[in-house]
file coords_6.txt (compact mmCIF, C-alpha atoms)
# COMPACT_ATOMS: atom_id res chain seq x y z
CA MET G 299 111.63 127.83 127.25
CA ASP G 300 108.36 127.22 125.37
CA THR G 301 107.91 123.59 124.23
CA ALA G 302 106.37 124.61 120.91
CA TYR G 303 109.35 126.85 120.20
CA LEU G 304 111.80 124.07 121.02
CA LEU G 305 110.00 121.70 118.66
CA ASP G 306 110.04 124.37 115.95
CA PHE G 307 113.77 124.96 116.44
CA LEU G 308 114.44 121.22 116.46
CA SER G 309 112.50 120.81 113.21
CA MET G 310 114.69 123.54 111.67
CA LEU G 311 117.86 121.64 112.60
CA VAL G 312 116.47 118.31 111.41
CA ARG G 313 115.34 119.90 108.13
CA TRP G 314 118.85 121.27 107.64
CA LEU G 315 120.34 117.83 108.24
CA HIS G 316 117.78 116.25 105.91
CA VAL G 317 118.66 118.60 103.07
CA ILE G 318 122.41 118.09 103.54
CA ALA G 319 122.10 114.30 103.66
CA GLY G 320 119.70 114.34 100.71
CA ILE G 321 122.16 116.33 98.62
CA ALA G 322 124.90 113.80 99.42
CA TRP G 323 122.69 110.79 98.63
CA ILE G 324 121.13 112.12 95.45
CA GLY G 325 124.46 113.49 94.30
CA SER G 326 126.11 110.09 94.65
CA SER G 327 123.15 108.46 92.87
CA PHE G 328 123.43 110.86 89.94
CA TYR G 329 127.20 110.41 89.80
CA PHE G 330 127.23 106.61 89.82
CA ILE G 331 124.46 106.31 87.24
CA TRP G 332 126.40 108.76 85.06
CA LEU G 333 129.58 106.78 85.69
CA ASP G 334 127.93 103.46 84.87
CA ASN G 335 126.43 104.82 81.66
CA SER G 336 129.66 106.51 80.55
CA LEU G 337 132.07 103.59 80.83
CA ASP G 338 133.83 102.32 77.72
CA ALA G 339 134.98 98.73 77.36
CA PRO G 340 138.80 98.43 77.61
CA ALA G 341 140.74 97.49 74.51
CA PRO G 342 141.01 93.70 74.00
CA GLY G 343 144.26 92.41 75.39
CA SER G 344 144.88 95.51 77.49
CA ASP G 345 145.93 95.25 81.12
CA ALA G 346 142.48 96.39 82.20
CA ALA G 347 140.77 93.71 80.10
CA LYS G 348 143.09 91.05 81.49
CA LYS G 349 142.19 92.11 85.02
CA GLY G 350 138.48 91.59 84.31
CA VAL G 351 137.57 95.27 83.93
CA GLY G 352 134.26 95.58 82.10
CA GLY G 353 134.41 99.36 81.59
CA GLU G 354 136.48 102.41 82.41
CA LEU G 355 136.74 106.11 81.70
CA TRP G 356 139.10 109.02 82.11
CA ALA G 357 137.94 112.26 83.74
CA VAL G 358 139.47 115.51 84.90
CA HIS G 359 138.20 117.43 87.91
CA GLY G 360 139.67 119.87 90.38
CA GLY G 361 143.03 119.92 88.63
CA GLY G 362 143.48 116.14 88.72
CA PHE G 363 142.95 113.17 86.40
CA TYR G 364 140.84 110.17 87.41
CA ASN G 365 140.53 106.69 85.89
CA PRO G 366 137.53 104.86 87.44
CA GLN G 367 137.14 101.19 86.44
CA LYS G 368 134.24 98.78 86.87
CA TYR G 369 134.86 95.04 87.04
CA LEU G 370 132.54 92.59 85.34
CA VAL G 371 131.82 90.94 88.70
CA ALA G 372 134.68 91.66 91.11
CA PRO G 373 138.47 92.09 91.11
CA ALA G 374 140.71 89.10 91.62
CA ALA G 375 141.59 90.35 95.11
CA LEU G 376 139.99 92.87 97.42
CA PRO G 377 141.89 96.08 98.19
CA GLU G 378 142.68 96.93 101.79
CA LYS G 379 140.40 99.99 101.75
CA LEU G 380 136.91 99.66 100.26
CA HIS G 381 134.51 102.62 100.33
CA TRP G 382 130.82 102.00 100.98
CA PHE G 383 127.96 104.37 100.13
CA LYS G 384 125.15 103.81 102.59
CA TRP G 385 125.08 106.38 105.37
CA GLU G 386 123.93 109.10 102.98
CA ALA G 387 120.77 107.06 102.38
CA TYR G 388 120.24 106.10 106.01
CA THR G 389 120.77 109.65 107.29
CA THR G 390 118.41 111.09 104.70
CA TRP G 391 115.64 108.65 105.61
CA LEU G 392 116.12 108.94 109.39
CA SER G 393 116.18 112.75 109.32
CA GLY G 394 113.23 112.87 106.91
CA THR G 395 111.15 110.58 109.10
CA ALA G 396 112.08 112.61 112.18
CA LEU G 397 110.96 115.74 110.34
CA LEU G 398 107.72 114.02 109.35
CA VAL G 399 107.06 113.25 113.02
CA LEU G 400 107.91 116.76 114.23
CA VAL G 401 106.01 118.70 111.58
CA TYR G 402 103.09 116.41 110.77
CA TRP G 403 102.55 113.53 113.17
CA LEU G 404 102.87 115.55 116.40
CA LYS G 405 100.46 118.13 114.94
CA ALA G 406 98.28 115.69 113.02
CA GLY G 407 95.04 117.40 114.00
CA ALA G 408 96.10 120.59 112.24
CA MET G 409 98.64 119.43 109.66
CA MET G 410 97.08 116.18 108.41
CA VAL G 411 93.37 116.12 109.18
CA ASP G 412 91.12 118.16 106.91
CA GLY G 413 87.42 117.91 107.76
CA ASN G 414 86.52 118.87 104.21
CA VAL G 415 88.32 115.74 102.98
CA ARG G 416 87.63 113.14 105.67
CA GLU G 417 86.91 113.14 109.39
CA LEU G 418 89.82 111.36 111.07
CA THR G 419 91.27 111.39 114.54
CA ALA G 420 94.91 112.40 114.88
CA LEU G 421 95.81 108.82 115.78
CA GLN G 422 94.03 107.45 112.72
CA ALA G 423 95.84 109.93 110.49
CA VAL G 424 99.25 109.03 111.90
CA GLY G 425 98.50 105.31 111.62
CA LEU G 426 97.46 105.69 108.00
CA GLY G 427 100.59 107.70 107.24
CA ALA G 428 102.87 105.09 108.81
CA ALA G 429 101.04 102.25 107.03
CA SER G 430 101.51 103.99 103.67
CA MET G 431 105.28 103.97 104.19
CA VAL G 432 105.60 100.36 105.29
CA GLY G 433 102.99 99.01 102.87
CA SER G 434 104.55 100.76 99.89
CA TRP G 435 107.90 99.08 100.50
CA ILE G 436 106.37 95.62 100.96
CA ILE G 437 104.35 95.81 97.74
CA TYR G 438 107.24 97.28 95.75
CA ASP G 439 109.69 94.66 97.00
CA LEU G 440 107.32 91.80 96.19
CA LEU G 441 106.86 93.16 92.67
CA CYS G 442 110.61 93.35 92.10
CA LYS G 443 111.02 89.74 93.31
CA SER G 444 108.14 88.48 91.19
CA PRO G 445 108.44 87.39 87.53
CA LEU G 446 107.43 90.97 86.67
CA GLY G 447 110.80 92.06 88.06
CA LYS G 448 112.53 90.67 84.97
CA ARG G 449 110.58 93.00 82.67
CA GLU G 450 111.96 96.41 83.56
CA GLY G 451 109.73 98.55 81.34
CA LEU G 452 106.48 96.92 82.47
CA LEU G 453 107.67 96.88 86.09
CA GLY G 454 108.32 100.62 85.91
CA LEU G 455 104.82 101.30 84.59
CA VAL G 456 103.23 99.16 87.32
CA ILE G 457 105.25 100.89 90.04
CA PHE G 458 104.29 104.31 88.69
CA GLY G 459 100.63 103.24 88.60
CA LEU G 460 100.77 102.05 92.21
CA ILE G 461 102.39 105.29 93.40
CA THR G 462 99.67 107.22 91.58
CA ALA G 463 97.06 105.03 93.30
CA LEU G 464 98.75 105.79 96.63
CA ALA G 465 98.58 109.52 95.88
CA TYR G 466 94.87 109.18 95.09
CA GLY G 467 94.19 107.24 98.26
CA LEU G 468 96.07 109.64 100.52
CA ALA G 469 94.35 112.61 98.85
CA GLN G 470 91.02 111.08 99.93
CA ALA G 471 92.23 110.91 103.53
CA PHE G 472 94.44 113.93 104.25
CA GLY G 473 94.72 117.58 103.40
CA GLY G 474 96.72 118.23 100.23
CA ARG G 475 100.03 119.13 101.86
CA ALA G 476 100.00 116.06 104.09
CA ALA G 477 98.97 113.82 101.19
CA PHE G 478 101.88 115.03 99.05
CA ILE G 479 104.47 114.72 101.80
CA HIS G 480 103.34 111.19 102.65
CA VAL G 481 103.66 110.12 99.03
CA GLY G 482 107.21 111.47 99.24
CA SER G 483 107.88 109.66 102.51
CA ALA G 484 106.61 106.40 100.97
CA ILE G 485 108.94 106.78 97.97
CA GLY G 486 111.81 107.77 100.27
CA THR G 487 111.17 104.67 102.37
CA ILE G 488 111.35 102.49 99.25
CA MET G 489 114.64 104.13 98.26
CA ALA G 490 116.25 103.75 101.69
CA ALA G 491 114.95 100.19 102.06
CA ASN G 492 116.47 99.34 98.68
CA VAL G 493 119.84 100.33 100.10
CA PHE G 494 119.35 98.68 103.50
CA PHE G 495 117.68 95.41 102.48
CA VAL G 496 119.00 94.76 98.96
CA ILE G 497 122.00 96.79 97.80
CA ILE G 498 124.22 96.71 100.90
CA PRO G 499 123.45 93.08 101.91
CA GLY G 500 124.19 91.97 98.34
CA GLN G 501 127.48 93.81 98.36
CA LYS G 502 128.37 92.32 101.74
CA ARG G 503 127.72 88.81 100.41
CA MET G 504 129.99 89.53 97.46
CA VAL G 505 132.76 90.74 99.77
CA THR G 506 132.31 87.76 102.10
CA ALA G 507 132.53 85.34 99.17
CA MET G 508 135.75 86.94 97.95
CA LYS G 509 137.31 86.79 101.42
CA ALA G 510 136.47 83.09 101.51
CA GLY G 511 138.17 82.59 98.16
CA GLN G 512 134.86 82.02 96.35
CA ALA G 513 133.43 83.65 93.25
CA PRO G 514 130.77 86.28 94.09
CA ASN G 515 127.23 85.58 92.94
CA PRO G 516 126.59 87.89 89.96
CA GLU G 517 122.88 87.94 90.84
CA ASP G 518 123.67 90.11 93.85
CA GLY G 519 125.19 92.68 91.54
CA LYS G 520 122.22 92.54 89.15
CA ARG G 521 119.68 93.03 91.93
CA ALA G 522 121.67 95.91 93.40
CA LYS G 523 121.93 97.56 89.99
CA GLN G 524 118.17 97.24 89.42
CA ARG G 525 117.30 98.88 92.74
CA SER G 526 119.96 101.57 92.26
CA VAL G 527 118.45 102.49 88.88
CA HIS G 528 114.97 102.62 90.42
CA ASN G 529 116.27 104.97 93.11
CA ASN G 530 117.75 107.17 90.41
CA TYR G 531 114.37 107.57 88.70
CA PHE G 532 112.66 108.27 92.04
CA THR G 533 114.91 111.24 92.80
CA LEU G 534 113.26 114.04 90.80
CA PRO G 535 109.71 113.24 92.00
CA VAL G 536 110.95 113.13 95.61
CA ILE G 537 112.79 116.43 95.28
CA PHE G 538 109.65 118.10 93.96
CA ILE G 539 107.59 116.71 96.83
CA MET G 540 110.18 118.05 99.30
CA VAL G 541 109.54 121.61 98.06
CA SER G 542 105.86 121.22 97.10
CA ASN G 543 104.56 122.71 100.35
CA HIS G 544 105.62 126.11 99.01
CA TYR G 545 103.32 125.82 96.00
CA GLY G 546 99.72 125.62 97.08
CA ALA G 547 98.34 125.61 93.55
CA THR G 548 99.52 122.00 93.24
CA TYR G 549 98.45 120.37 96.50
CA ALA G 550 95.27 122.45 96.90
CA HIS G 551 93.92 121.49 93.47
CA PRO G 552 90.67 119.46 93.55
CA HIS G 553 92.53 116.70 91.68
CA ASN G 554 95.84 117.16 93.46
CA TRP G 555 96.74 113.47 93.16
CA ALA G 556 96.56 113.72 89.35
CA VAL G 557 98.60 116.94 89.39
CA LEU G 558 101.26 115.14 91.40
CA ALA G 559 101.19 112.18 89.00
CA LEU G 560 101.80 114.48 86.03
CA ILE G 561 104.70 116.22 87.76
CA MET G 562 106.23 112.88 88.77
CA ALA G 563 105.88 111.61 85.20
CA ALA G 564 107.62 114.76 83.94
CA GLY G 565 110.46 114.19 86.42
CA VAL G 566 110.90 110.57 85.35
CA SER G 567 110.90 111.56 81.68
CA ILE G 568 113.52 114.27 82.22
CA ARG G 569 115.66 111.92 84.30
CA HIS G 570 115.45 109.32 81.53
CA PHE G 571 116.78 111.86 79.02
CA PHE G 572 119.88 112.43 81.11
CA ASN G 573 120.42 108.72 81.70
CA ARG G 574 120.25 108.14 77.94
CA LYS G 575 122.46 111.18 77.28
CA HIS G 576 125.19 109.66 79.47
CA LYS G 577 125.24 106.77 77.00
CA GLY G 578 125.63 109.16 74.09
CA VAL G 579 121.97 109.03 73.01
CA TYR G 580 120.27 112.43 72.79
CA ALA G 581 116.60 111.43 72.98
CA TRP G 582 115.06 114.91 72.98
CA GLN G 583 111.53 113.50 72.95
CA TYR G 584 111.83 112.82 76.68
CA PRO G 585 112.47 116.40 77.89
CA ALA G 586 109.83 117.47 75.36
CA ILE G 587 107.34 115.10 77.01
CA GLY G 588 108.35 116.49 80.40
CA ALA G 589 107.84 120.06 79.19
CA VAL G 590 104.39 119.22 77.80
CA LEU G 591 103.35 117.56 81.06
CA LEU G 592 104.52 120.55 83.10
CA GLY G 593 102.71 122.86 80.66
CA VAL G 594 99.51 120.91 81.27
CA VAL G 595 100.07 121.29 85.03
CA ALA G 596 100.62 125.04 84.65
CA TRP G 597 97.37 125.42 82.71
CA TRP G 598 95.38 123.06 84.93
CA THR G 599 96.47 124.62 88.23
CA ALA G 600 96.17 128.25 87.13
CA PRO G 601 94.07 130.14 89.71
CA ARG G 602 90.38 130.26 88.93
CA VAL G 603 88.18 132.07 91.40
CA GLN G 604 85.34 129.81 92.48
CA THR G 605 81.80 131.11 92.40
CA LEU G 606 80.96 132.73 95.73
CA PRO G 607 77.52 133.56 97.09
CA PRO G 608 76.22 137.14 96.89
CA VAL G 609 77.43 139.26 99.78
CA GLU G 610 74.81 139.82 102.43
CA GLY G 611 74.95 143.23 104.05
CA GLU G 612 77.42 146.07 103.77
CA VAL G 613 81.12 145.35 103.20
CA THR G 614 83.12 147.45 105.66
CA PHE G 615 86.69 147.31 106.86
CA ASN G 616 85.58 146.50 110.40
CA ARG G 617 83.56 143.56 109.10
CA VAL G 618 86.55 142.25 107.17
CA ARG G 619 88.84 142.78 110.16
CA ALA G 620 86.47 140.79 112.38
CA ILE G 621 86.52 137.87 109.92
CA VAL G 622 90.31 137.94 109.72
CA GLY G 623 90.53 138.24 113.50
CA GLN G 624 88.38 135.15 113.95
CA HIS G 625 90.03 132.96 111.31
CA CYS G 626 93.55 134.22 110.57
CA VAL G 627 95.18 136.24 113.37
CA ALA G 628 95.81 133.18 115.56
CA CYS G 629 98.59 132.22 113.12
CA HIS G 630 99.43 135.63 111.64
CA SER G 631 100.44 137.77 114.60
CA PRO G 632 103.75 138.44 116.36
CA ALA G 633 102.79 135.94 119.08
CA PRO G 634 100.60 133.25 117.47
CA THR G 635 98.07 131.53 119.74
CA PHE G 636 97.30 128.55 117.49
CA PRO G 637 98.67 125.34 119.08
CA GLY G 638 102.08 124.39 117.70
CA ILE G 639 102.60 127.69 115.84
CA THR G 640 105.36 129.87 117.31
CA VAL G 641 106.02 132.43 114.56
CA PRO G 642 103.73 134.16 112.04
CA GLN G 643 103.26 131.81 109.11
CA ALA G 644 105.19 132.86 105.97
CA GLY G 645 106.09 136.03 107.87
CA VAL G 646 102.63 137.50 107.13
CA LEU G 647 101.11 139.71 109.86
CA LEU G 648 97.41 140.54 109.90
CA HIS G 649 96.84 141.75 113.45
CA THR G 650 96.82 145.52 112.77
CA PRO G 651 94.76 147.52 110.25
CA GLY G 652 97.92 148.55 108.39
CA ASP G 653 99.19 144.96 108.14
CA LEU G 654 95.82 143.74 106.88
CA VAL G 655 95.64 146.39 104.13
CA GLN G 656 99.28 145.81 103.13
CA ASN G 657 98.72 142.05 102.81
CA ALA G 658 95.26 142.25 101.23
CA PRO G 659 96.43 140.76 97.88
CA ARG G 660 97.97 137.78 99.68
CA VAL G 661 94.84 137.29 101.78
CA TYR G 662 92.74 137.33 98.60
CA GLN G 663 95.02 134.76 96.93
CA GLN G 664 95.05 132.37 99.89
CA VAL G 665 91.46 132.79 101.10
CA VAL G 666 89.51 133.37 97.88
CA VAL G 667 91.52 132.05 94.92
CA THR G 668 93.30 128.96 96.25
CA ARG G 669 91.17 128.62 99.43
CA LEU G 670 94.23 127.22 101.19
CA MET G 671 93.61 129.31 104.26
CA PRO G 672 92.66 128.75 106.97
CA LEU G 673 94.80 125.61 106.79
CA GLY G 674 92.43 122.65 106.47
CA ASN G 675 89.68 125.23 107.16
CA VAL G 676 90.22 124.34 110.79
CA THR G 677 88.28 127.47 111.86
CA ASN G 678 85.37 126.74 109.48
CA MET G 679 85.46 129.92 107.43
CA THR G 680 82.24 130.10 105.41
CA ASP G 681 81.82 130.93 101.73
CA GLN G 682 79.91 134.05 102.78
CA GLU G 683 82.93 135.24 104.77
CA ARG G 684 85.20 134.54 101.80
CA ALA G 685 82.79 136.52 99.61
CA VAL G 686 83.04 139.50 101.98
CA ILE G 687 86.85 139.48 101.80
CA ALA G 688 86.71 139.15 97.99
CA ALA G 689 84.34 142.12 97.70
CA TRP G 690 86.51 144.23 100.00
CA VAL G 691 89.72 143.54 98.05
CA LYS G 692 88.03 144.14 94.68
CA ALA G 693 86.75 147.48 95.99
CA GLY G 694 90.32 148.58 96.70
CA ALA G 695 90.99 147.09 100.15
CA LYS G 696 90.43 150.42 101.87
CA MET G 697 90.76 151.08 105.59
CA GLU G 698 87.33 152.64 106.00

call {"tool": "encode", "arguments": {"input": "coords_6.txt", "output": "structure tokens"}}
result
Amino acid sequence: MDTAYLLDFLSMLVRWLHVIAGIAWIGSSFYFIWLDNSLDAPAPGSDAAKKGVGGELWAVHGGGFYNPQKYLVAPAALPEKLHWFKWEAYTTWLSGTALLVLVYWLKAGAMMVDGNVRELTALQAVGLGAASMVGSWIIYDLLCKSPLGKREGLLGLVIFGLITALAYGLAQAFGGRAAFIHVGSAIGTIMAANVFFVIIPGQKRMVTAMKAGQAPNPEDGKRAKQRSVHNNYFTLPVIFIMVSNHYGATYAHPHNWAVLALIMAAGVSIRHFFNRKHKGVYAWQYPAIGAVLLGVVAWWTAPRVQTLPPVEGEVTFNRVRAIVGQHCVACHSPAPTFPGITVPQAGVLLHTPGDLVQNAPRVYQQVVVTRLMPLGNVTNMTDQERAVIAAWVKAGAKME
């Protein structure tokens, strides 16, 4: 069986796992932030208050009633069964990193390197991508542990500024799709590392202290809460980045890093509205800010055909077909010949005259308007060739 096909099939399975694990992790994050923000203090003198419960609520779901309670620090005695939430985070990060390797790092020459952005070897590109993940966590963690970590609002602004700077830096090194996905992998690494290095160890120390008959250190709970809240605000930007590869207008923009920053800011603003809403505060200015930011993105990324040189010579179908055959058919045929590609990309076929005419509008969009294709311009399509395709489509894309 073909190796490229096996890698493609494996990436499909890993992507499936990544989505499932991500749903579980993000779902639990949303739920626990909602739960934390929705708790009411128990009545003074009540049994709950006497037990050290700091907040509780009643809920109904699936035909049953639930009464979750949160203790100020910890209960007087540990229950026999204690549920931990960690494998959702670990599985999401491990599967996402595996997918990054399969889709990008093993095909770095085609999927990461863009000669129009910067000349890199595949090894240099992979090294830079890995460094962005590790370095982002180290810098973030140091900031949280610094005196700045006690000033949540300012810390959030600094973290957002650093992620924007990372997006800018990666956009100067990689093609747009790879730059976006590596920003997402850096944020995902921070989120998973928060769980692995801070939240779970802190909770283990609290449990160990209780088993030893000692009072848990409340600082462990405070640090875990801080990182959990950060993860909650990271979720919407990461989810967008996960699906961004389907929307070339964003990552192919000349200022794609700024487009990503605006979308991330919109996601944070919208998430903040819901977090406030859970506390009974309807701060509508935050979704309004998100809507304005997304409106700016829509206007800024709207397709605008770039000026092309005058067409030299006669525009004929055979001339257009030769250009497409040289630059596009290797990926858009029933049996692609481009290394690492096993099926026609996006299901688009261009190998026959009928297929080319049928898909002429899509060719025009990808080759002339967004200039996303060929991917990374790996085949060095010239502006003159793009001008020929544009002239052919505008003349009716006829097979003559």

call {"tool": "atom_distance", "arguments": {"input": "coords_6.txt", "atom1": "atom CA of G:Thr650", "atom2": "atom CA of G:Ala693"}}
result
19.7 Å

call {"tool": "closest_residue", "arguments": {"input": "coords_6.txt", "among": "G:Gly451, G:Gly459, G:Pro634, G:Gly352", "to": "G:Leu337", "atoms": "only C-alpha atoms"}}
result
G:Gly352

call {"tool": "closest_residue", "arguments": {"input": "coords_6.txt", "among": "G:Leu418, G:Ala319, G:Ala547, G:Met310", "to": "G:Ala600", "atoms": "all atoms listed in the file"}}
result
G:Ala547

call {"tool": "closest_residue", "arguments": {"input": "coords_6.txt", "among": "G:Met489, G:Leu446, G:Met540, G:Val411", "to": "G:Val317", "atoms": "only C-alpha atoms"}}
result
G:Met540

call {"tool": "residues_around", "arguments": {"input": "coords_6.txt", "residues": "G:Val527", "least_positions_apart": "3", "cutoff": "12 Å", "atoms": "only C-alpha atoms", "output": "ChimeraX atom specification"}}
result
/G:324,327-332,334-335,450,454,489,492-493,497,520-524,530-533,566,569-570,573

call {"tool": "closest_residue", "arguments": {"input": "coords_6.txt", "among": "G:Ala374, G:Trp382, G:Gly565, G:Pro552", "to": "G:Pro499", "atoms": "only C-alpha atoms"}}
result
G:Trp382

call {"tool": "closest_residue", "arguments": {"input": "coords_6.txt", "among": "G:Val590, G:Ile498, G:Val622, G:Val613", "to": "G:Ala387", "atoms": "all atoms listed in the file"}}
result
G:Ile498

call {"tool": "atom_distance", "arguments": {"input": "coords_6.txt", "atom1": "atom CA of G:Leu647", "atom2": "atom CA of G:Leu404"}}
result
25.1 Å

call {"tool": "decode", "arguments": {"input": "coords_6.txt", "residues": "stretch 385-440 of chain G", "atoms": "C-alpha atoms", "output": "PDB file, in the first residue's frame"}}
result
ATOM      1  CA  TRP G 385      -6.760  13.306  29.948  1.00  0.00           C
ATOM      2  CA  GLU G 386      -9.018  15.451  27.775  1.00  0.00           C
ATOM      3  CA  ALA G 387      -6.253  18.073  27.716  1.00  0.00           C
ATOM      4  CA  TYR G 388      -3.408  15.615  27.245  1.00  0.00           C
ATOM      5  CA  THR G 389      -5.166  13.708  24.449  1.00  0.00           C
ATOM      6  CA  THR G 390      -6.048  16.916  22.635  1.00  0.00           C
ATOM      7  CA  TRP G 391      -2.458  18.158  22.727  1.00  0.00           C
ATOM      8  CA  LEU G 392      -0.878  14.804  21.822  1.00  0.00           C
ATOM      9  CA  SER G 393      -3.249  14.215  18.900  1.00  0.00           C
ATOM     10  CA  GLY G 394      -2.893  17.824  17.730  1.00  0.00           C
ATOM     11  CA  THR G 395       0.895  17.619  17.777  1.00  0.00           C
ATOM     12  CA  ALA G 396       0.784  14.292  15.951  1.00  0.00           C
ATOM     13  CA  LEU G 397      -1.439  15.903  13.324  1.00  0.00           C
ATOM     14  CA  LEU G 398       0.968  18.837  13.064  1.00  0.00           C
ATOM     15  CA  VAL G 399       3.797  16.389  12.366  1.00  0.00           C
ATOM     16  CA  LEU G 400       1.832  14.369   9.808  1.00  0.00           C
ATOM     17  CA  VAL G 401       0.351  17.276   7.868  1.00  0.00           C
ATOM     18  CA  TYR G 402       3.015  19.971   8.195  1.00  0.00           C
ATOM     19  CA  TRP G 403       6.362  18.816   9.534  1.00  0.00           C
ATOM     20  CA  LEU G 404       6.697  15.711   7.328  1.00  0.00           C
ATOM     21  CA  LYS G 405       5.771  17.857   4.301  1.00  0.00           C
ATOM     22  CA  ALA G 406       7.482  21.038   5.444  1.00  0.00           C
ATOM     23  CA  GLY G 407       8.887  21.832   2.013  1.00  0.00           C
ATOM     24  CA  ALA G 408       5.388  22.122   0.565  1.00  0.00           C
ATOM     25  CA  MET G 409       3.201  22.930   3.578  1.00  0.00           C
ATOM     26  CA  MET G 410       5.406  25.350   5.534  1.00  0.00           C
ATOM     27  CA  VAL G 411       8.037  26.866   3.274  1.00  0.00           C
ATOM     28  CA  ASP G 412       6.907  29.655   0.962  1.00  0.00           C
ATOM     29  CA  GLY G 413       9.689  31.129  -1.165  1.00  0.00           C
ATOM     30  CA  ASN G 414       7.717  34.344  -1.537  1.00  0.00           C
ATOM     31  CA  VAL G 415       7.893  34.806   2.246  1.00  0.00           C
ATOM     32  CA  ARG G 416      11.312  33.454   3.205  1.00  0.00           C
ATOM     33  CA  GLU G 417      13.747  30.885   1.858  1.00  0.00           C
ATOM     34  CA  LEU G 418      14.016  28.150   4.485  1.00  0.00           C
ATOM     35  CA  THR G 419      15.022  24.519   4.415  1.00  0.00           C
ATOM     36  CA  ALA G 420      12.454  21.997   5.618  1.00  0.00           C
ATOM     37  CA  LEU G 421      14.575  21.330   8.708  1.00  0.00           C
ATOM     38  CA  GLN G 422      14.794  25.033   9.531  1.00  0.00           C
ATOM     39  CA  ALA G 423      11.031  25.391   9.189  1.00  0.00           C
ATOM     40  CA  VAL G 424      10.333  22.443  11.488  1.00  0.00           C
ATOM     41  CA  GLY G 425      12.865  23.691  14.033  1.00  0.00           C
ATOM     42  CA  LEU G 426      11.295  27.138  14.056  1.00  0.00           C
ATOM     43  CA  GLY G 427       7.834  25.637  14.464  1.00  0.00           C
ATOM     44  CA  ALA G 428       8.917  23.484  17.410  1.00  0.00           C
ATOM     45  CA  ALA G 429      10.743  26.414  19.028  1.00  0.00           C
ATOM     46  CA  SER G 430       7.607  28.564  18.787  1.00  0.00           C
ATOM     47  CA  MET G 431       5.684  25.989  20.819  1.00  0.00           C
ATOM     48  CA  VAL G 432       8.271  25.502  23.552  1.00  0.00           C
ATOM     49  CA  GLY G 433       9.309  29.156  23.719  1.00  0.00           C
ATOM     50  CA  SER G 434       5.730  30.386  23.997  1.00  0.00           C
ATOM     51  CA  TRP G 435       5.106  28.238  27.070  1.00  0.00           C
ATOM     52  CA  ILE G 436       8.345  29.302  28.783  1.00  0.00           C
ATOM     53  CA  ILE G 437       7.676  33.017  28.291  1.00  0.00           C
ATOM     54  CA  TYR G 438       4.020  32.717  29.300  1.00  0.00           C
ATOM     55  CA  ASP G 439       4.836  30.728  32.426  1.00  0.00           C
ATOM     56  CA  LEU G 440       7.521  33.200  33.509  1.00  0.00           C
TER      57      LEU G 440
END
